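Coordinates from coords.txt are shown below (compact mmCIF, C-alpha atoms).
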```
# COMPACT_ATOMS: atom_id res chain seq x y z
CA MET C 1 192.26 187.96 130.20
CA GLN C 2 192.05 185.79 127.09
CA THR C 3 191.46 187.47 123.78
CA GLU C 4 188.41 186.63 121.72
CA GLN C 5 188.63 186.01 118.00
CA ASN C 6 185.96 187.27 115.64
CA THR C 7 185.36 186.20 112.06
CA SER C 8 187.89 188.71 110.73
CA GLY C 9 190.67 187.04 112.69
CA GLU C 10 190.95 189.84 115.21
CA HIS C 11 191.59 189.33 118.89
CA ALA C 12 190.00 192.12 120.93
CA ALA C 13 191.94 193.23 123.98
CA ARG C 14 191.60 195.75 126.75
CA ASN C 15 192.85 199.35 126.58
CA ASP C 16 191.95 199.70 122.89
CA LEU C 17 194.75 197.50 121.55
CA SER C 18 193.99 194.47 119.40
CA VAL C 19 195.98 191.77 117.64
CA LEU C 20 194.99 190.95 114.07
CA THR C 21 195.84 187.51 112.69
CA VAL C 22 197.23 187.72 109.15
CA PRO C 23 197.76 184.31 107.53
CA ALA C 24 200.63 184.00 105.03
CA PHE C 25 202.29 181.30 102.93
CA LYS C 26 201.10 177.80 103.85
CA ASP C 27 200.96 178.00 107.63
CA ASN C 28 202.54 181.26 108.86
CA TYR C 29 200.82 183.82 111.05
CA LEU C 30 201.87 187.46 110.81
CA TRP C 31 200.62 189.68 113.63
CA LEU C 32 199.32 193.25 113.41
CA ILE C 33 198.99 194.98 116.78
CA HIS C 34 196.79 198.05 116.44
CA ASP C 35 194.59 200.63 118.15
CA GLY C 36 192.22 201.19 115.24
CA SER C 37 194.50 203.79 113.65
CA ASN C 38 198.17 202.84 114.08
CA ALA C 39 199.67 199.38 113.79
CA ALA C 40 202.90 197.48 114.39
CA VAL C 41 203.64 194.24 112.54
CA VAL C 42 205.48 191.27 114.02
CA ASP C 43 207.57 189.07 111.69
CA PRO C 44 206.23 190.19 108.29
CA GLY C 45 207.54 187.42 106.06
CA ASP C 46 205.33 188.67 103.23
CA ALA C 47 204.38 192.30 102.65
CA ALA C 48 201.33 191.70 100.42
CA PRO C 49 198.93 190.40 103.09
CA ILE C 50 200.10 193.15 105.46
CA PHE C 51 199.38 195.85 102.88
CA GLN C 52 195.94 194.30 102.36
CA ALA C 53 195.17 194.11 106.09
CA LEU C 54 196.31 197.70 106.68
CA GLU C 55 194.05 198.91 103.87
CA GLU C 56 191.04 196.82 104.93
CA HIS C 57 191.24 198.06 108.52
CA GLY C 58 192.26 201.65 107.79
CA LEU C 59 195.59 201.34 109.62
CA THR C 60 198.91 203.15 109.31
CA LEU C 61 202.07 201.16 109.97
CA THR C 62 204.24 202.72 112.70
CA ALA C 63 206.75 199.95 113.53
CA ILE C 64 208.13 196.56 112.51
CA LEU C 65 209.21 194.00 115.13
CA LEU C 66 211.33 190.97 114.20
CA THR C 67 212.25 187.88 116.22
CA HIS C 68 214.85 186.16 114.00
CA HIS C 69 216.41 186.16 110.55
CA HIS C 70 214.53 183.44 108.63
CA ASN C 71 213.03 184.74 105.41
CA ASP C 72 209.46 183.73 106.21
CA HIS C 73 209.71 186.23 109.10
CA ILE C 74 211.59 189.11 107.45
CA GLY C 75 210.98 188.76 103.70
CA GLY C 76 208.38 191.52 103.57
CA VAL C 77 210.44 194.11 105.42
CA PRO C 78 212.04 195.85 102.39
CA ALA C 79 208.68 196.37 100.68
CA LEU C 80 207.12 197.69 103.89
CA GLN C 81 210.07 200.05 104.39
CA GLY C 82 209.59 201.26 100.84
CA ARG C 83 206.12 202.51 101.69
CA PHE C 84 206.44 203.35 105.40
CA ASP C 85 209.34 205.18 107.05
CA VAL C 86 209.21 203.24 110.32
CA PRO C 87 211.71 201.80 112.81
CA VAL C 88 212.60 198.15 112.53
CA PHE C 89 213.17 196.52 115.92
CA GLY C 90 214.95 193.19 115.93
CA PRO C 91 217.65 190.97 117.43
CA ARG C 92 221.04 192.51 117.99
CA SER C 93 223.00 189.47 116.85
CA ASP C 94 220.94 187.56 114.29
CA GLY C 95 222.32 189.15 111.13
CA ILE C 96 219.30 191.14 109.91
CA ALA C 97 220.50 194.09 107.83
CA GLU C 98 217.17 195.92 107.96
CA VAL C 99 217.14 196.27 111.76
CA THR C 100 217.42 199.92 112.81
CA HIS C 101 216.91 199.35 116.54
CA PRO C 102 218.90 196.28 117.67
CA LEU C 103 217.67 194.56 120.83
CA SER C 104 218.74 191.95 123.35
CA GLU C 105 217.61 190.72 126.75
CA GLY C 106 216.99 193.51 129.23
CA ASP C 107 216.00 196.04 126.58
CA ARG C 108 212.54 197.55 126.55
CA VAL C 109 210.63 198.74 123.49
CA THR C 110 207.93 201.39 123.42
CA VAL C 111 206.14 200.86 120.12
CA PRO C 112 205.67 204.16 118.27
CA GLY C 113 202.08 205.25 117.84
CA LEU C 114 200.68 202.64 120.21
CA GLY C 115 202.10 203.41 123.65
CA LEU C 116 202.75 199.68 123.97
CA GLU C 117 205.78 198.52 125.93
CA PHE C 118 207.56 195.20 125.47
CA ALA C 119 210.36 193.61 127.45
CA VAL C 120 212.87 191.70 125.35
CA LEU C 121 214.11 188.18 126.11
CA ASP C 122 216.97 186.30 124.47
CA VAL C 123 215.66 182.87 123.43
CA PRO C 124 218.39 181.16 121.36
CA GLY C 125 218.00 177.68 119.96
CA HIS C 126 216.08 177.93 116.70
CA THR C 127 218.60 180.61 115.70
CA LEU C 128 221.45 181.90 117.83
CA GLY C 129 220.17 185.47 118.07
CA HIS C 130 216.43 184.78 118.40
CA ILE C 131 214.52 187.15 120.70
CA ALA C 132 210.98 187.33 122.07
CA TYR C 133 208.76 190.26 123.01
CA VAL C 134 206.81 190.18 126.27
CA ARG C 135 204.00 192.51 127.30
CA LYS C 136 203.66 192.55 131.08
CA THR C 137 200.65 194.84 131.53
CA PRO C 138 198.85 193.64 134.69
CA GLY C 139 196.00 191.35 133.70
CA LEU C 140 197.00 191.39 130.04
CA HIS C 141 200.15 189.46 129.17
CA TRP C 142 201.34 188.84 125.61
CA LEU C 143 204.27 186.87 124.20
CA PHE C 144 205.47 187.14 120.60
CA CYS C 145 207.94 184.29 120.38
CA GLY C 146 208.56 183.67 116.68
CA ASP C 147 209.67 180.06 116.20
CA THR C 148 210.97 179.32 119.71
CA LEU C 149 207.77 178.15 121.39
CA PHE C 150 204.91 176.75 119.32
CA ALA C 151 201.44 175.71 120.40
CA GLY C 152 202.17 172.18 121.60
CA GLY C 153 205.78 172.20 120.39
CA CYS C 154 208.96 174.14 119.72
CA GLY C 155 211.12 175.16 116.78
CA ARG C 156 213.82 173.03 115.23
CA LEU C 157 217.37 173.56 116.43
CA PHE C 158 218.84 174.96 113.22
CA GLU C 159 221.66 176.86 114.93
CA GLY C 160 221.50 176.39 118.68
CA THR C 161 221.96 173.51 121.08
CA PRO C 162 219.50 171.50 123.17
CA GLU C 163 220.92 173.26 126.22
CA GLN C 164 220.11 176.66 124.72
CA MET C 165 216.64 175.76 123.52
CA SER C 166 215.58 174.03 126.73
CA ALA C 167 216.79 177.05 128.73
CA SER C 168 214.89 179.39 126.40
CA LEU C 169 211.70 177.39 126.81
CA ASP C 170 212.15 177.25 130.58
CA LYS C 171 212.40 181.05 130.51
CA LEU C 172 209.15 181.38 128.57
CA ALA C 173 207.39 178.76 130.72
CA ALA C 174 208.14 180.92 133.78
CA LEU C 175 205.94 183.73 132.45
CA PRO C 176 202.46 184.16 134.01
CA GLU C 177 200.15 181.33 133.02
CA ASP C 178 197.63 183.73 131.44
CA THR C 179 200.26 185.02 129.01
CA GLU C 180 198.87 184.76 125.48
CA VAL C 181 201.35 182.99 123.20
CA TYR C 182 201.48 184.44 119.69
CA CYS C 183 203.73 182.04 117.82
CA ALA C 184 204.30 182.20 114.08
CA HIS C 185 202.95 178.93 112.64
CA GLU C 186 199.86 176.73 112.57
CA TYR C 187 201.64 173.52 113.55
CA THR C 188 199.41 172.71 116.51
CA LEU C 189 197.68 169.47 115.50
CA SER C 190 200.87 167.81 114.28
CA ASN C 191 202.61 168.94 117.47
CA LEU C 192 199.83 167.50 119.61
CA ARG C 193 199.92 164.16 117.79
CA PHE C 194 203.56 163.88 118.79
CA ALA C 195 202.77 165.05 122.33
CA GLN C 196 200.24 162.22 122.72
CA ALA C 197 202.80 159.70 121.51
CA VAL C 198 205.21 160.72 124.28
CA GLU C 199 202.68 161.38 127.05
CA PRO C 200 199.57 159.29 126.24
CA GLY C 201 198.20 159.44 129.78
CA ASN C 202 197.96 163.24 129.91
CA GLU C 203 194.24 164.05 130.28
CA ALA C 204 194.74 167.78 129.72
CA LEU C 205 196.45 166.94 126.45
CA ALA C 206 193.55 164.76 125.33
CA LEU C 207 191.15 167.63 125.98
CA ARG C 208 193.38 169.99 124.06
CA VAL C 209 193.49 167.67 121.06
CA ARG C 210 189.69 167.63 121.03
CA ASP C 211 189.39 171.40 121.31
CA GLU C 212 192.08 172.28 118.79
CA SER C 213 190.81 169.70 116.29
CA ALA C 214 187.37 171.32 116.46
CA LYS C 215 188.91 174.72 115.73
CA ARG C 216 190.85 173.49 112.71
CA ALA C 217 187.75 171.70 111.37
CA GLN C 218 186.21 175.17 111.13
CA ASP C 219 189.44 176.75 109.81
CA VAL C 220 189.86 178.71 113.06
CA PRO C 221 193.44 179.39 114.21
CA THR C 222 194.65 177.55 117.30
CA VAL C 223 196.89 180.52 118.15
CA PRO C 224 197.16 182.34 120.49
CA SER C 225 197.73 179.68 123.07
CA SER C 226 198.59 180.42 126.70
CA ILE C 227 201.56 179.66 128.90
CA GLY C 228 199.29 177.77 131.29
CA LEU C 229 198.07 175.52 128.47
CA GLU C 230 201.62 174.93 127.27
CA ARG C 231 202.78 174.02 130.77
CA SER C 232 200.10 171.32 130.98
CA THR C 233 200.37 169.86 127.47
CA ASN C 234 203.60 170.77 125.64
CA PRO C 235 206.25 168.01 125.90
CA PHE C 236 209.08 170.46 125.20
CA ILE C 237 208.16 172.32 128.36
CA ARG C 238 207.30 169.11 130.22
CA TYR C 239 210.50 167.26 129.26
CA ARG C 240 211.36 166.64 132.92
CA GLU C 241 208.14 164.63 133.49
CA PRO C 242 208.82 160.96 134.38
CA ALA C 243 206.13 159.76 131.95
CA ILE C 244 207.95 161.44 129.05
CA ALA C 245 211.28 159.91 130.07
CA GLU C 246 209.58 156.51 130.24
CA SER C 247 208.25 156.92 126.70
CA LEU C 248 211.67 157.91 125.44
CA LEU C 249 213.24 154.90 127.12
CA ALA C 250 210.57 152.54 125.80
CA ALA C 251 211.07 153.86 122.26
CA GLY C 252 214.82 153.39 122.49
CA LYS C 253 215.42 157.12 122.18
CA LEU C 254 217.09 157.57 125.58
CA GLU C 255 219.54 155.69 127.80
CA PRO C 256 218.76 155.03 131.49
CA GLY C 257 220.11 157.70 133.79
CA ALA C 258 220.06 160.40 131.13
CA SER C 259 219.87 164.04 132.18
CA PRO C 260 216.82 166.26 131.55
CA VAL C 261 218.67 168.09 128.78
CA GLN C 262 219.47 164.75 127.14
CA ALA C 263 215.76 163.91 127.37
CA PHE C 264 214.96 167.24 125.70
CA ALA C 265 217.46 166.56 122.92
CA ALA C 266 215.98 163.09 122.38
CA LEU C 267 212.48 164.57 122.21
CA ARG C 268 213.51 167.10 119.58
CA GLU C 269 215.33 164.47 117.51
CA TRP C 270 212.27 162.18 117.68
CA LYS C 271 209.96 164.98 116.61
CA ASN C 272 212.21 165.71 113.63
CA VAL C 273 211.37 162.29 112.17
CA PHE C 274 207.92 161.72 113.68
```

When written as structure tokens, how does the structure in this file appear?
Amino acid sequence: MQTEQNTSGEHAARNDLSVLTVPAFKDNYLWLIHDGSNAAVVDPGDAAPIFQALEEHGLTLTAILLTHHHNDHIGGVPALQGRFDVPVFGPRSDGIAEVTHPLSEGDRVTVPGLGLEFAVLDVPGHTLGHIAYVRKTPGLHWLFCGDTLFAGGCGRLFEGTPEQMSASLDKLAALPEDTEVYCAHEYTLSNLRFAQAVEPGNEALALRVRDESAKRAQDVPTVPSSIGLERSTNPFIRYREPAIAESLLAAGKLEPGASPVQAFAALREWKNVF
């Protein structure tokens, strides 16, 4: 079931849980998962908009969930801890001092106050300890993936290798196609411009460009996406496609006979300067 966004930026979901979009900085999205009373925040890089959203919606913070150590994802944690005595869930090996409940793949989290359960996946590449949170409720699948998978793209490889990042994205792409993808940035249109450069014949991609451009023209977020949409349009998931390899070869970014991982690495390097 896809969520529906209303004018307040809230995505209504079944079983009385909703996801509230909280914009921050230039293009970050912070996520508040709530039941109308209690709330958990994902990757609060800035505390001020979270405090405001909690007050506007009459919510009490019960948990903080972190995906990786970059400051635009954790910068608001100390201020939130100063007002709310709540657990901080986060990666076991990404160097975040504020984490009280360290996690890695195979762990499960039951979010206090919400009765919401997440499975944890290790998704290194953007950072070495990056994790993702997956809700696997039948008929209602959510993914909070930080900066690993973006709508139409993926994060830069600041710490990890192409092998790690491609494996992480393969892992996320294997989730059910109706999984809603809550990534952390509004990078979609720039990602899709690159996607069209490397796979110009992709009709699903052309339709997505039209749809997402219409959303941004009205200042509507393009996130959440879905795993199904990413499978059909995201070059960093589709890096094994012959058409993408042909574009890389034609652009002089790849040698003949290169492996899929080499194609992925070439894609990421091209996007870095696109």

Need to verify the contact set: Pro224 in chain C, 8 Å, only C-alpha atoms, exclusion of same-chain residues closer than 3 positions in sequence. Can you return it as a PyMOL selection string? chain C and resi 151+180-183+221

Shell around Gly129 in chain C at 7 Å using all atoms listed in the file, local window under 6 positions removed, as a list of chain:residue names: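 Close residues of Gly129 in chain C: C:His68, C:Pro91, C:Ser93, C:Asp94.
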
Find the distance between CA of Val134 in chain C and CA of Leu116 in chain C and write it in Å to one decimal. 10.6 Å

Need the shell around Leu128 in chain C: protein/DNA/RNA residues with any atom at most 10 Å away, counting all atoms listed in the file. Skip same-chain ones fewer than 5 positions apart. Format as a list in words? His68, His69, Pro91, Ser93, Asp94, Gly95, Asp122, Val123, Leu157, Phe158, Glu159, Gly160, Thr161, Gln164 and Met165 of chain C

Create the file for the chosen residues now, containing C-alpha atoms and written as an mmCIF file, in the frame of the given file.
```cif
data_model
loop_
_atom_site.group_PDB
_atom_site.id
_atom_site.type_symbol
_atom_site.label_atom_id
_atom_site.label_comp_id
_atom_site.auth_asym_id
_atom_site.auth_seq_id
_atom_site.Cartn_x
_atom_site.Cartn_y
_atom_site.Cartn_z
ATOM 1 C CA HIS C 68 214.850 186.160 114.000
ATOM 2 C CA HIS C 69 216.410 186.160 110.550
ATOM 3 C CA PRO C 91 217.650 190.970 117.430
ATOM 4 C CA SER C 93 223.000 189.470 116.850
ATOM 5 C CA ASP C 94 220.940 187.560 114.290
ATOM 6 C CA GLY C 95 222.320 189.150 111.130
ATOM 7 C CA ASP C 122 216.970 186.300 124.470
ATOM 8 C CA VAL C 123 215.660 182.870 123.430
ATOM 9 C CA LEU C 157 217.370 173.560 116.430
ATOM 10 C CA PHE C 158 218.840 174.960 113.220
ATOM 11 C CA GLU C 159 221.660 176.860 114.930
ATOM 12 C CA GLY C 160 221.500 176.390 118.680
ATOM 13 C CA THR C 161 221.960 173.510 121.080
ATOM 14 C CA GLN C 164 220.110 176.660 124.720
ATOM 15 C CA MET C 165 216.640 175.760 123.520
#
```

Give me, please, the distance in Å between CA of Pro49 in chain C and CA of Val22 in chain C, quoted to one decimal.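 One can read the CA of Pro49 in chain C to CA of Val22 in chain C distance as 6.8 Å.
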
Separation of CA of Gln52 in chain C and CA of Ala39 in chain C, in Å? 13.1 Å

So which residues are close to (198.2, 180.3, 124.7), meaning at most 10 Å away in the file's coordinates with all atoms listed in the file counted, and can you show them as a PyMOL selection string? chain C and resi 2-3+142-143+150-152+177-183+222-231

Residues from the last selection, C-alpha atoms, saved as a short mmCIF file (atom, residue, chain, number, x, y, z; two decimals), in the coordinates of the input:
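For reference, out.cif as written:
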```cif
data_model
loop_
_atom_site.label_atom_id
_atom_site.label_comp_id
_atom_site.auth_asym_id
_atom_site.auth_seq_id
_atom_site.Cartn_x
_atom_site.Cartn_y
_atom_site.Cartn_z
CA GLN C 2 192.05 185.79 127.09
CA THR C 3 191.46 187.47 123.78
CA TRP C 142 201.34 188.84 125.61
CA LEU C 143 204.27 186.87 124.20
CA PHE C 150 204.91 176.75 119.32
CA ALA C 151 201.44 175.71 120.40
CA GLY C 152 202.17 172.18 121.60
CA GLU C 177 200.15 181.33 133.02
CA ASP C 178 197.63 183.73 131.44
CA THR C 179 200.26 185.02 129.01
CA GLU C 180 198.87 184.76 125.48
CA VAL C 181 201.35 182.99 123.20
CA TYR C 182 201.48 184.44 119.69
CA CYS C 183 203.73 182.04 117.82
CA THR C 222 194.65 177.55 117.30
CA VAL C 223 196.89 180.52 118.15
CA PRO C 224 197.16 182.34 120.49
CA SER C 225 197.73 179.68 123.07
CA SER C 226 198.59 180.42 126.70
CA ILE C 227 201.56 179.66 128.90
CA GLY C 228 199.29 177.77 131.29
CA LEU C 229 198.07 175.52 128.47
CA GLU C 230 201.62 174.93 127.27
CA ARG C 231 202.78 174.02 130.77
#
```

Find the residue from C:Gly90, C:Glu212, C:Gln218, C:Pro176 that sits nearest to Leu140 in chain C; use all atoms listed in the file when measuring.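 The shortest atom-to-atom distance to Leu140 in chain C comes from C:Pro176.
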
Considering only C-alpha atoms, can you say which of C:Asp147, C:Glu117, C:Glu199, C:Asp35 comes closest to Ile244 in chain C?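 Closest to Ile244 in chain C of all the choices is C:Glu199.
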
Counting all atoms listed in the file, which residue out of C:Ala24, C:Ala63, C:Cys145, C:Ile74 sits closest to Val88 in chain C?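 Between C:Ala24, C:Ala63, C:Cys145, C:Ile74, the residue approaching Val88 in chain C most closely is C:Ala63.
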
Hey, could you patch up range 201-212 of chain C with all heavy atoms and hand it over as a PDB file, keeping the file's coordinate frame?
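Written file, out.pdb:
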```
ATOM      1  N   GLY C 201     199.100 159.397 128.637  1.00  0.00           N
ATOM      2  CA  GLY C 201     198.200 159.440 129.780  1.00  0.00           C
ATOM      3  C   GLY C 201     197.815 160.834 130.235  1.00  0.00           C
ATOM      4  O   GLY C 201     197.125 160.983 131.259  1.00  0.00           O
ATOM      5  N   ASN C 202     198.217 161.851 129.512  1.00  0.00           N
ATOM      6  CA  ASN C 202     197.960 163.240 129.910  1.00  0.00           C
ATOM      7  C   ASN C 202     196.532 163.633 129.530  1.00  0.00           C
ATOM      8  O   ASN C 202     196.213 163.841 128.356  1.00  0.00           O
ATOM      9  CB  ASN C 202     198.981 164.154 129.210  1.00  0.00           C
ATOM     10  CG  ASN C 202     198.880 165.597 129.657  1.00  0.00           C
ATOM     11  OD1 ASN C 202     197.818 166.090 130.018  1.00  0.00           O
ATOM     12  ND2 ASN C 202     200.004 166.293 129.612  1.00  0.00           N
ATOM     13  N   GLU C 203     195.656 163.747 130.539  1.00  0.00           N
ATOM     14  CA  GLU C 203     194.240 164.050 130.280  1.00  0.00           C
ATOM     15  C   GLU C 203     194.054 165.463 129.731  1.00  0.00           C
ATOM     16  O   GLU C 203     193.199 165.695 128.869  1.00  0.00           O
ATOM     17  CB  GLU C 203     193.420 163.856 131.552  1.00  0.00           C
ATOM     18  CG  GLU C 203     193.373 162.409 132.024  1.00  0.00           C
ATOM     19  CD  GLU C 203     192.508 162.241 133.265  1.00  0.00           C
ATOM     20  OE1 GLU C 203     191.890 163.236 133.701  1.00  0.00           O
ATOM     21  OE2 GLU C 203     192.450 161.110 133.789  1.00  0.00           O
ATOM     22  N   ALA C 204     194.840 166.418 130.226  1.00  0.00           N
ATOM     23  CA  ALA C 204     194.740 167.780 129.720  1.00  0.00           C
ATOM     24  C   ALA C 204     195.097 167.823 128.238  1.00  0.00           C
ATOM     25  O   ALA C 204     194.495 168.573 127.460  1.00  0.00           O
ATOM     26  CB  ALA C 204     195.655 168.714 130.509  1.00  0.00           C
ATOM     27  N   LEU C 205     196.042 167.010 127.845  1.00  0.00           N
ATOM     28  CA  LEU C 205     196.450 166.940 126.450  1.00  0.00           C
ATOM     29  C   LEU C 205     195.327 166.364 125.588  1.00  0.00           C
ATOM     30  O   LEU C 205     195.058 166.863 124.482  1.00  0.00           O
ATOM     31  CB  LEU C 205     197.714 166.093 126.330  1.00  0.00           C
ATOM     32  CG  LEU C 205     198.271 165.833 124.939  1.00  0.00           C
ATOM     33  CD1 LEU C 205     198.539 167.133 124.199  1.00  0.00           C
ATOM     34  CD2 LEU C 205     199.544 164.994 125.036  1.00  0.00           C
ATOM     35  N   ALA C 206     194.662 165.340 126.078  1.00  0.00           N
ATOM     36  CA  ALA C 206     193.550 164.760 125.330  1.00  0.00           C
ATOM     37  C   ALA C 206     192.444 165.788 125.103  1.00  0.00           C
ATOM     38  O   ALA C 206     191.863 165.868 124.006  1.00  0.00           O
ATOM     39  CB  ALA C 206     192.999 163.537 126.063  1.00  0.00           C
ATOM     40  N   LEU C 207     192.155 166.570 126.119  1.00  0.00           N
ATOM     41  CA  LEU C 207     191.150 167.630 125.980  1.00  0.00           C
ATOM     42  C   LEU C 207     191.605 168.679 124.967  1.00  0.00           C
ATOM     43  O   LEU C 207     190.802 169.182 124.168  1.00  0.00           O
ATOM     44  CB  LEU C 207     190.869 168.285 127.332  1.00  0.00           C
ATOM     45  CG  LEU C 207     190.142 167.429 128.358  1.00  0.00           C
ATOM     46  CD1 LEU C 207     190.089 168.151 129.713  1.00  0.00           C
ATOM     47  CD2 LEU C 207     188.725 167.103 127.885  1.00  0.00           C
ATOM     48  N   ARG C 208     192.882 168.992 124.994  1.00  0.00           N
ATOM     49  CA  ARG C 208     193.380 169.990 124.060  1.00  0.00           C
ATOM     50  C   ARG C 208     193.293 169.493 122.622  1.00  0.00           C
ATOM     51  O   ARG C 208     192.932 170.253 121.720  1.00  0.00           O
ATOM     52  CB  ARG C 208     194.831 170.367 124.400  1.00  0.00           C
ATOM     53  CG  ARG C 208     195.351 171.491 123.527  1.00  0.00           C
ATOM     54  CD  ARG C 208     196.736 171.945 123.895  1.00  0.00           C
ATOM     55  NE  ARG C 208     197.087 173.140 123.143  1.00  0.00           N
ATOM     56  CZ  ARG C 208     198.267 173.739 123.162  1.00  0.00           C
ATOM     57  NH1 ARG C 208     199.229 173.248 123.934  1.00  0.00           N
ATOM     58  NH2 ARG C 208     198.490 174.813 122.439  1.00  0.00           N
ATOM     59  N   VAL C 209     193.613 168.239 122.399  1.00  0.00           N
ATOM     60  CA  VAL C 209     193.490 167.670 121.060  1.00  0.00           C
ATOM     61  C   VAL C 209     192.054 167.805 120.559  1.00  0.00           C
ATOM     62  O   VAL C 209     191.816 168.194 119.402  1.00  0.00           O
ATOM     63  CB  VAL C 209     193.952 166.203 121.043  1.00  0.00           C
ATOM     64  CG1 VAL C 209     193.588 165.528 119.721  1.00  0.00           C
ATOM     65  CG2 VAL C 209     195.447 166.107 121.292  1.00  0.00           C
ATOM     66  N   ARG C 210     191.102 167.503 121.423  1.00  0.00           N
ATOM     67  CA  ARG C 210     189.690 167.630 121.030  1.00  0.00           C
ATOM     68  C   ARG C 210     189.350 169.069 120.669  1.00  0.00           C
ATOM     69  O   ARG C 210     188.743 169.334 119.621  1.00  0.00           O
ATOM     70  CB  ARG C 210     188.806 167.162 122.198  1.00  0.00           C
ATOM     71  CG  ARG C 210     187.311 167.231 121.930  1.00  0.00           C
ATOM     72  CD  ARG C 210     186.520 167.231 123.219  1.00  0.00           C
ATOM     73  NE  ARG C 210     186.752 168.460 123.990  1.00  0.00           N
ATOM     74  CZ  ARG C 210     186.305 168.672 125.229  1.00  0.00           C
ATOM     75  NH1 ARG C 210     185.620 167.717 125.851  1.00  0.00           N
ATOM     76  NH2 ARG C 210     186.547 169.809 125.837  1.00  0.00           N
ATOM     77  N   ASP C 211     189.745 169.995 121.524  1.00  0.00           N
ATOM     78  CA  ASP C 211     189.390 171.400 121.310  1.00  0.00           C
ATOM     79  C   ASP C 211     190.065 171.983 120.078  1.00  0.00           C
ATOM     80  O   ASP C 211     189.435 172.685 119.281  1.00  0.00           O
ATOM     81  CB  ASP C 211     189.765 172.217 122.551  1.00  0.00           C
ATOM     82  CG  ASP C 211     188.937 171.864 123.771  1.00  0.00           C
ATOM     83  OD1 ASP C 211     187.885 171.203 123.615  1.00  0.00           O
ATOM     84  OD2 ASP C 211     189.359 172.226 124.896  1.00  0.00           O
ATOM     85  N   GLU C 212     191.361 171.689 119.918  1.00  0.00           N
ATOM     86  CA  GLU C 212     192.080 172.280 118.790  1.00  0.00           C
ATOM     87  C   GLU C 212     191.647 171.638 117.472  1.00  0.00           C
ATOM     88  O   GLU C 212     191.601 172.311 116.435  1.00  0.00           O
ATOM     89  CB  GLU C 212     193.598 172.128 118.983  1.00  0.00           C
ATOM     90  CG  GLU C 212     194.136 172.653 120.313  1.00  0.00           C
ATOM     91  CD  GLU C 212     194.019 174.165 120.505  1.00  0.00           C
ATOM     92  OE1 GLU C 212     193.076 174.780 119.976  1.00  0.00           O
ATOM     93  OE2 GLU C 212     194.885 174.722 121.197  1.00  0.00           O
TER      94      GLU C 212
END
```
